[in-house]
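Below is one structure, written out as C-alpha cells; the observations come after it.
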Amino acid sequence: MELGMIGLGRMGANMTRRLIAAGHRIVVYDRDKAAVAAMAGEGATGAESLSNVAAKLSVPRAIWIMVPSGDPVDETMKSLSTSLQKGDILIDGGNSNFHDSVRRAASARQLGFEFLDVGTSGGIWGLKEGYSLMIGGTSGAVERLRPIFESLAPAPNRGWAHVGPSGAGHYAKMVHNGIEYGMMQSFAEGFALLEKKKEFGFDLAKVAETWRHGSVVRSWLLDLTADALRENPTLHGIGPQVADSGEGRWMVAEAIDSNVPCPVITISLLERIQSRISDSFGNKMLAIMRNKFGGHAVQKS
C-alpha cells in the first residue's frame with residue numbers, strides 16, 4: 001500500500017522504517033532535506049514539497065502527518081488541501097488536542113476528503129516493538145487503511161483499534177498519557193522512599209529487577225526503570241526537572257469540565273510543575289523514565 005509521511009522526527013522516521021520493512025511504498029517529506037535524503041536511502045520515495053507528496057501518490061491518496069500539535073498541523077493541512085480531492089485521507093498521528101481534531105475533521109469533510117486522528121504511543125521503541133494506535137474517524141476510512149495500521153501495530157490483530165468518531169483517537173491518547181503520568185509518579189515516589197532508607201542499603205536496581213518477575217506492578221515501564229537504575233544507580237548527573245508535553249494538562253481540564261475526579265493524575269501533573277523549582281530523587285526518577293520510553297531530553301544537574 002502507498003502512504004505519504006510528512007514529518008521525519010524520530011517517531012515519523014521510525015514509523016516510515018517499519019512500514020517500508022512491511023513492504024509499503026512510502027513517500028516522505030520534511031523541511032529538513034537531509035532527513036528526506038536519509039529516508040530515501042532506506043527505501044522511501046523522497047518529495048520536494050507537500051504538493052509533491054500528493055503528486056507522487058496514486059489516487060485515492062492517504063497522507064500521514066507527524067508534526068508538532070497546534071498551528072503546524074493546521075498549516076500543513078491548509079497547504080495540502082489544494083492538492084487533495086474527494087476520497088483522499090489525511091491522518092494526524094501527533095499529540096493533538098481532541099477539540100482540534102473534531103474541528104479538523106469537519107473542515108476536511110467540507111473540502112471533500114477524510115480525516116483520521118490517530119493517537120500514537122510507542123516512543124523510541126515503536127520501530128522494534130510496534131505502536132499502539134487509537135483511531136478516531138469513519139469506519140470506511142479506517143478499514144481502507146487497515147494494512148497500514150496492521151503493519152505499525154505490534155501485531156495485525158492487537159495494539160490498534162478504531163475507538164470512535166472524529167476526536168476519539170486523540171481523546172483516548174490524552175487519557176492514556178494521563179494514566180502514564182500517574183504510573184510514573186507512583187514508581188518515582190516508591191523508589192524515592194527506598195533510596196531514603198539508608199540503613200537498609202537498598203540496591204534499587206535489584207529491587208526493580210525483582211519486581212519485574214511475578215509482581216503485580218510488573219510492566220514495560222518498570223522494565224525501563226530497572227534498565228535506568230542498572231545504568232546509573234544513583235541517577236548521578238540527572239537534573240530533577242520534569243517536563244510535560246501538554247496531554248496531562250488537557251486531561252485534567254477535561255476531567256474538571258466532565259465532573260470526573262482524577263486526583264492521582266492531577267497531583268502527578270502538579271508534581272511535574274513543582275519539579276522545576278525543587279530537587280528530589282523522585283523527580284530525577286521521573287525524568288529518567290521519560291528519557292527511557294520516549295527519548296525526552298533530561299536536564300543535567
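Each chain of the C-alpha cells is named A, B, ... in the order shown, its residues numbered from 1; ligands are numbered from 1 in display order.
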Based on DSSP run over this structure's backbone, return all residues of stretch 15-170 of chain A in alpha helix (DSSP H), as a PyMOL selection string. chain A and resi 15-21+33-41+50-55+71-81+98-111+126-129+139-144+146-152+168-170
Counting only C-alpha atoms, what is within 12 Å of A:Glu247, bar same-chain residues fewer than 2 positions away, as a ChimeraX atom specification? /A:69,94-98,119,170-181,243-245,249-254,265-266,269
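Distance-wise, atom CA of A:Ile65 and atom CA of A:Asn157 end up 23.9 Å apart.
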Of the listed residues A:Pro60, A:Gly112, A:Gly43, A:Gly123, that which approaches A:Ser81 most closely, counting only C-alpha atoms: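 Nearest to A:Ser81: A:Gly112.
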When you look at A:Gly169 with a cut-off of 6 Å (counting only C-alpha atoms), what residues show up, excluding the ones that are within fewer than 5 positions of it in the same chain? I need them as a compact mmCIF listing (two decimals) with C-alpha atoms, in the first residue's frame.
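Written output follows (part.txt):
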# COMPACT_ATOMS: atom_id res chain seq x y z
CA ASP A 117 -6.98 11.31 14.31
CA VAL A 118 -4.62 8.59 15.46
CA GLY A 119 -3.27 8.68 18.98
CA MET A 134 -6.05 4.71 18.94
CA ILE A 135 -8.02 5.76 15.86
CA GLY A 136 -10.88 8.25 15.53
Using only C-alpha atoms: which of A:Met183, A:Val216, A:Ile63, A:Ile288 has the shortest distance to A:Thr234: A:Ile288
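For A:Gly87, the set of protein, DNA and RNA residues having any atom at most 9 Å away, when counting only C-alpha atoms and skipping those fewer than 4 positions along the same chain, is Val59, Pro60, Arg61, Gly112, Phe113, Glu114 and Ala141 of chain A.
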Keeping only C-alpha atoms, write those residues as a PDB file, in the first residue's frame.
ATOM      1  CA  VAL A  59      -5.421   8.295  -6.169  1.00  0.00           C
ATOM      2  CA  PRO A  60      -7.120   7.858  -3.729  1.00  0.00           C
ATOM      3  CA  ARG A  61      -4.287   9.013  -1.503  1.00  0.00           C
ATOM      4  CA  GLY A 112     -14.403  16.557   0.343  1.00  0.00           C
ATOM      5  CA  PHE A 113     -11.723  14.395   1.925  1.00  0.00           C
ATOM      6  CA  GLU A 114     -11.434  12.261   5.064  1.00  0.00           C
ATOM      7  CA  ALA A 141     -11.539   5.293   6.140  1.00  0.00           C
TER       8      ALA A 141
END
Which residue of A:Leu222, A:Lys206, A:Gln85, A:Phe115 approaches A:Pro165 most closely, using only C-alpha atoms: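 Counting only C-alpha atoms, the residue closest to A:Pro165 is A:Phe115.
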